file run28.pdb (PDB, C-alpha atoms)
ATOM      1  CA  GLN O  19      22.025 -22.057 -21.582
ATOM      2  CA  LEU O  20      20.225 -19.541 -19.412
ATOM      3  CA  SER O  21      21.499 -16.004 -19.242
ATOM      4  CA  LEU O  22      20.792 -15.029 -15.642
ATOM      5  CA  LYS O  23      22.019 -12.155 -13.520
ATOM      6  CA  SER O  24      21.312 -10.933 -10.030
ATOM      7  CA  VAL O  25      19.678  -7.492  -9.873
ATOM      8  CA  SER O  26      18.501  -5.149  -7.150
ATOM      9  CA  LEU O  27      14.851  -5.168  -6.127
ATOM     10  CA  ASP O  28      14.471  -1.752  -7.737
ATOM     11  CA  GLU O  29      15.736  -3.053 -11.076
ATOM     12  CA  LEU O  30      13.623  -6.191 -10.739
ATOM     13  CA  PHE O  31      10.421  -4.191 -10.288
ATOM     14  CA  GLU O  32      11.344  -1.667 -12.997
ATOM     15  CA  THR O  33      12.169  -4.203 -15.705
ATOM     16  CA  SER O  34      10.082  -7.339 -15.099
ATOM     17  CA  ASP O  35       7.039  -8.285 -17.128
ATOM     18  CA  ILE O  36       5.886 -10.772 -14.494
ATOM     19  CA  ILE O  37       6.722 -10.643 -10.799
ATOM     20  CA  THR O  38       5.874 -13.713  -8.774
ATOM     21  CA  SER O  39       6.187 -13.859  -4.999
ATOM     22  CA  HIS O  40       7.584 -16.945  -3.254
ATOM     23  CA  MET O  41       8.708 -15.887   0.205
ATOM     24  CA  PRO O  42       7.782 -16.341   3.840
ATOM     25  CA  LEU O  43       5.953 -13.652   5.773
ATOM     26  CA  ASN O  44       8.100 -11.892   8.352
ATOM     27  CA  ASP O  45       8.869  -8.353   9.529
ATOM     28  CA  GLN O  46      10.980  -7.679   6.426
ATOM     29  CA  THR O  47       8.428  -8.987   3.917
ATOM     30  CA  PHE O  48       5.198  -7.570   5.422
ATOM     31  CA  HIS O  49       3.762  -5.209   2.754
ATOM     32  CA  MET O  50       7.044  -5.519   0.860
ATOM     33  CA  ILE O  51       5.061  -5.039  -2.342
ATOM     34  CA  ASN O  52       3.431  -1.668  -1.753
ATOM     35  CA  SER O  53       2.550   1.558  -3.568
ATOM     36  CA  ASP O  54       6.239   2.419  -3.994
ATOM     37  CA  ARG O  55       6.877  -0.914  -5.705
ATOM     38  CA  PHE O  56       3.758  -0.631  -7.880
ATOM     39  CA  SER O  57       4.926   2.791  -9.067
ATOM     40  CA  GLN O  58       8.192   1.182 -10.201
ATOM     41  CA  MET O  59       6.447  -1.495 -12.254
ATOM     42  CA  LYS O  60       5.706  -1.250 -15.950
ATOM     43  CA  SER O  61       2.066  -0.673 -16.869
ATOM     44  CA  SER O  62       2.230  -4.002 -18.723
ATOM     45  CA  SER O  63       3.433  -5.939 -15.646
ATOM     46  CA  ILE O  64       1.568  -8.753 -13.944
ATOM     47  CA  LEU O  65       1.936  -9.615 -10.258
ATOM     48  CA  ILE O  66       1.451 -13.190  -9.022
ATOM     49  CA  ASN O  67       1.318 -14.077  -5.333
ATOM     50  CA  THR O  68       1.132 -17.675  -4.140
ATOM     51  CA  SER O  69       3.057 -17.251  -0.901
ATOM     52  CA  ARG O  70       1.485 -15.089   1.830
ATOM     53  CA  GLY O  71      -1.206 -12.450   1.385
ATOM     54  CA  GLU O  72       0.293  -9.908   3.772
ATOM     55  CA  ILE O  73       3.386  -9.552   1.582
ATOM     56  CA  ILE O  74       1.263  -7.324  -0.663
ATOM     57  CA  ASP O  75      -0.362  -4.124   0.556
ATOM     58  CA  GLU O  76      -3.801  -5.027  -0.771
ATOM     59  CA  LYS O  77      -5.130  -1.439  -0.765
ATOM     60  CA  ALA O  78      -2.123  -0.359  -2.831
ATOM     61  CA  LEU O  79      -2.675  -3.311  -5.186
ATOM     62  CA  ILE O  80      -6.327  -2.379  -5.712
ATOM     63  CA  SER O  81      -5.298   1.203  -6.446
ATOM     64  CA  ALA O  82      -2.578   0.087  -8.884
ATOM     65  CA  LEU O  83      -5.035  -2.171 -10.702
ATOM     66  CA  ASP O  84      -7.804   0.469 -10.778
ATOM     67  CA  SER O  85      -5.470   3.111 -12.177
ATOM     68  CA  HIS O  86      -3.879   0.654 -14.656
ATOM     69  CA  GLU O  87      -0.510   1.258 -13.029
ATOM     70  CA  ILE O  88      -0.042  -2.486 -13.575
ATOM     71  CA  LEU O  89      -1.808  -4.769 -16.035
ATOM     72  CA  GLY O  90      -3.102  -7.459 -13.724
ATOM     73  CA  ALA O  91      -2.665  -9.850 -10.832
ATOM     74  CA  GLY O  92      -2.986 -13.552 -10.104
ATOM     75  CA  LEU O  93      -3.654 -14.219  -6.435
ATOM     76  CA  ASP O  94      -3.803 -17.469  -4.503
ATOM     77  CA  VAL O  95      -3.553 -15.716  -1.109
ATOM     78  CA  PHE O  96      -5.041 -12.563   0.370
ATOM     79  CA  GLU O  97      -4.252 -10.118   3.130
ATOM     80  CA  THR O  98      -7.334 -11.297   5.043
ATOM     81  CA  GLU O  99      -8.329 -14.942   4.723
ATOM     82  CA  PRO O 100     -10.774 -16.214   4.023
ATOM     83  CA  ILE O 101     -11.315 -13.475   1.487
ATOM     84  CA  GLN O 102     -14.479 -11.483   2.123
ATOM     85  CA  ALA O 103     -17.223 -11.530  -0.509
ATOM     86  CA  ASP O 104     -17.104  -7.727  -0.788
ATOM     87  CA  ASN O 105     -13.359  -7.596  -1.515
ATOM     88  CA  PRO O 106     -12.925  -5.403  -4.632
ATOM     89  CA  LEU O 107     -10.335  -7.815  -6.057
ATOM     90  CA  LEU O 108     -13.102 -10.356  -6.669
ATOM     91  CA  LYS O 109     -14.908  -7.972  -9.014
ATOM     92  CA  MET O 110     -11.897  -6.846 -11.061
ATOM     93  CA  ASN O 111     -11.585  -8.165 -14.605
ATOM     94  CA  ASN O 112      -7.780  -7.876 -14.496
ATOM     95  CA  VAL O 113      -7.433 -10.215 -11.496
ATOM     96  CA  ILE O 114      -7.488 -14.011 -11.381
ATOM     97  CA  VAL O 115      -8.048 -15.558  -7.959
ATOM     98  CA  THR O 116      -7.647 -19.147  -6.831
ATOM     99  CA  PRO O 117      -8.685 -20.648  -3.461
ATOM    100  CA  HIS O 118      -5.165 -21.193  -1.999
ATOM    101  CA  VAL O 119      -5.149 -24.767  -3.240
ATOM    102  CA  ALA O 120      -3.818 -24.069  -6.715
ATOM    103  CA  GLY O 121      -1.061 -26.648  -6.308
ATOM    104  CA  THR O 122      -3.271 -29.377  -4.932
ATOM    105  CA  THR O 123      -3.885 -32.242  -7.326
ATOM    106  CA  TRP O 124      -4.491 -35.944  -6.778
ATOM    107  CA  ASP O 125      -0.878 -36.552  -7.743
ATOM    108  CA  THR O 126       0.483 -34.091  -5.166
ATOM    109  CA  TRP O 127      -1.767 -35.580  -2.471
ATOM    110  CA  ALA O 128      -0.498 -39.071  -3.311
ATOM    111  CA  ARG O 129       3.158 -37.990  -3.317
ATOM    112  CA  ARG O 130       2.730 -36.036  -0.082
ATOM    113  CA  SER O 131       1.123 -39.038   1.625
ATOM    114  CA  GLN O 132       3.829 -41.375   0.330
ATOM    115  CA  PHE O 133       6.544 -38.971   1.561
ATOM    116  CA  ALA O 134       4.972 -38.740   5.038
ATOM    117  CA  PHE O 135       4.566 -42.523   5.282
ATOM    118  CA  SER O 136       8.165 -43.041   4.167
ATOM    119  CA  ASN O 137       9.387 -40.673   6.892
ATOM    120  CA  MET O 138       7.312 -42.470   9.543
ATOM    121  CA  ILE O 139       9.038 -45.728   8.576
ATOM    122  CA  ARG O 140      12.427 -43.978   8.706
ATOM    123  CA  ILE O 141      11.694 -42.722  12.231
ATOM    124  CA  ILE O 142      10.636 -46.210  13.362
ATOM    125  CA  ASP O 143      13.837 -47.652  11.832
ATOM    126  CA  GLY O 144      15.977 -44.950  13.483
ATOM    127  CA  ASP O 145      17.037 -43.421  10.154
ATOM    128  CA  LYS O 146      17.329 -39.738   9.254
ATOM    129  CA  ILE O 147      14.113 -38.427   7.703
ATOM    130  CA  LEU O 148      13.938 -37.104   4.147
ATOM    131  CA  GLY O 149      13.788 -33.330   3.746
ATOM    132  CA  GLN O 150      15.174 -32.610   7.208
ATOM    133  CA  ILE O 151      16.493 -29.067   7.427
ATOM    134  CA  ASN O 152      18.293 -29.052  10.778
TER     135      ASN O 152
END

call {"tool": "encode", "arguments": {"input": "run28.pdb", "output": "C-alpha cells"}}
result
Amino acid sequence: QLSLKSVSLDELFETSDIITSHMPLNDQTFHMINSDRFSQMKSSSILINTSRGEIIDEKALISALDSHEILGAGLDVFETEPIQADNPLLKMNNVIVTPHVAGTTWDTWARRSQFAFSNMIRIIDGDKILGQIN
C-alpha cells in the first residue's frame, strides 16, 4: 500500500529528491520552476522535465546547476527549441539531455497507429471515438 499525501508546492520543492514536470504550458506554468524554486530544493535534488521547456527558467536552472544548488537535471525539452549548439546545458556534466523523443519506440508508434486507425473506423461507423475528452 502506498503512503501518499498532498503537499503544498513549497513543501514539495523543499523535501523532494526528484522533481519531475508533467504539465501543460500556460500563463500559470510559464517559468514556474525558477530561481525561487531552485533555492527551495535540496542540494541533492534532481529536476526532470519532459513536458514543456518554458516551464523552467533556463537561466535560473543553469545558475542552480553551476552553483550546485541542485545536483542535476534530465531534460527532454528546452526553453528554445531546437536547442542551440552553444547552450551551456549541453556542456554540463550534471545534465542529461534527450531529443524530445524519449518516449518514442517502435512499440509506441505501432500502438499509436493502431489507436488512430481504430478511431477512424469508429468515426466511419458513427461510434464515439476512444479517448474523447469532450

call {"tool": "closest_residue", "arguments": {"input": "run28.pdb", "among": "O:Phe56, O:Phe96, O:Phe48, O:Phe135", "to": "Leu30 of chain O", "atoms": "all atoms listed in the file"}}
result
O:Phe56

call {"tool": "residues_near_point", "arguments": {"input": "run28.pdb", "point": "(-2.6, 4.8, -9.5)", "cutoff": "12 Å", "atoms": "all atoms listed in the file", "output": "ChimeraX atom specification"}}
result
/O:52-59,61,77-89

call {"tool": "resolve_selection", "arguments": {"input": "run28.pdb", "expression": "the PyMOL selection byres ((chain O and resi 65) around 10)", "output": "PDB file with C-alpha atoms, keeping the file's coordinate frame"}}
result
ATOM      1  CA  SER O  34      10.082  -7.339 -15.099  1.00  0.00           C
ATOM      2  CA  ASP O  35       7.039  -8.285 -17.128  1.00  0.00           C
ATOM      3  CA  ILE O  36       5.886 -10.772 -14.494  1.00  0.00           C
ATOM      4  CA  ILE O  37       6.722 -10.643 -10.799  1.00  0.00           C
ATOM      5  CA  THR O  38       5.874 -13.713  -8.774  1.00  0.00           C
ATOM      6  CA  SER O  39       6.187 -13.859  -4.999  1.00  0.00           C
ATOM      7  CA  ILE O  51       5.061  -5.039  -2.342  1.00  0.00           C
ATOM      8  CA  PHE O  56       3.758  -0.631  -7.880  1.00  0.00           C
ATOM      9  CA  MET O  59       6.447  -1.495 -12.254  1.00  0.00           C
ATOM     10  CA  SER O  63       3.433  -5.939 -15.646  1.00  0.00           C
ATOM     11  CA  ILE O  64       1.568  -8.753 -13.944  1.00  0.00           C
ATOM     12  CA  ILE O  66       1.451 -13.190  -9.022  1.00  0.00           C
ATOM     13  CA  ASN O  67       1.318 -14.077  -5.333  1.00  0.00           C
ATOM     14  CA  ILE O  74       1.263  -7.324  -0.663  1.00  0.00           C
ATOM     15  CA  LEU O  79      -2.675  -3.311  -5.186  1.00  0.00           C
ATOM     16  CA  ILE O  88      -0.042  -2.486 -13.575  1.00  0.00           C
ATOM     17  CA  LEU O  89      -1.808  -4.769 -16.035  1.00  0.00           C
ATOM     18  CA  GLY O  90      -3.102  -7.459 -13.724  1.00  0.00           C
ATOM     19  CA  ALA O  91      -2.665  -9.850 -10.832  1.00  0.00           C
ATOM     20  CA  GLY O  92      -2.986 -13.552 -10.104  1.00  0.00           C
ATOM     21  CA  LEU O  93      -3.654 -14.219  -6.435  1.00  0.00           C
ATOM     22  CA  VAL O 113      -7.433 -10.215 -11.496  1.00  0.00           C
TER      23      VAL O 113
END

call {"tool": "resolve_selection", "arguments": {"input": "run28.pdb", "expression": "the PyMOL selection byres ((chain O and resi 114-124) around 10)", "output": "PyMOL selection string"}}
result
chain O and resi 66-70+90-96+99-101+107-113+125-130

call {"tool": "atom_distance", "arguments": {"input": "run28.pdb", "atom1": "atom CA of Glu32 of chain O", "atom2": "atom CA of Lys60 of chain O"}}
result
6.4 Å

call {"tool": "atom_distance", "arguments": {"input": "run28.pdb", "atom1": "atom CA of Ser26 of chain O", "atom2": "atom CA of Pro42 of chain O"}}
result
19.0 Å

call {"tool": "atom_distance", "arguments": {"input": "run28.pdb", "atom1": "atom CA of His40 of chain O", "atom2": "atom CA of Val25 of chain O"}}
result
16.7 Å
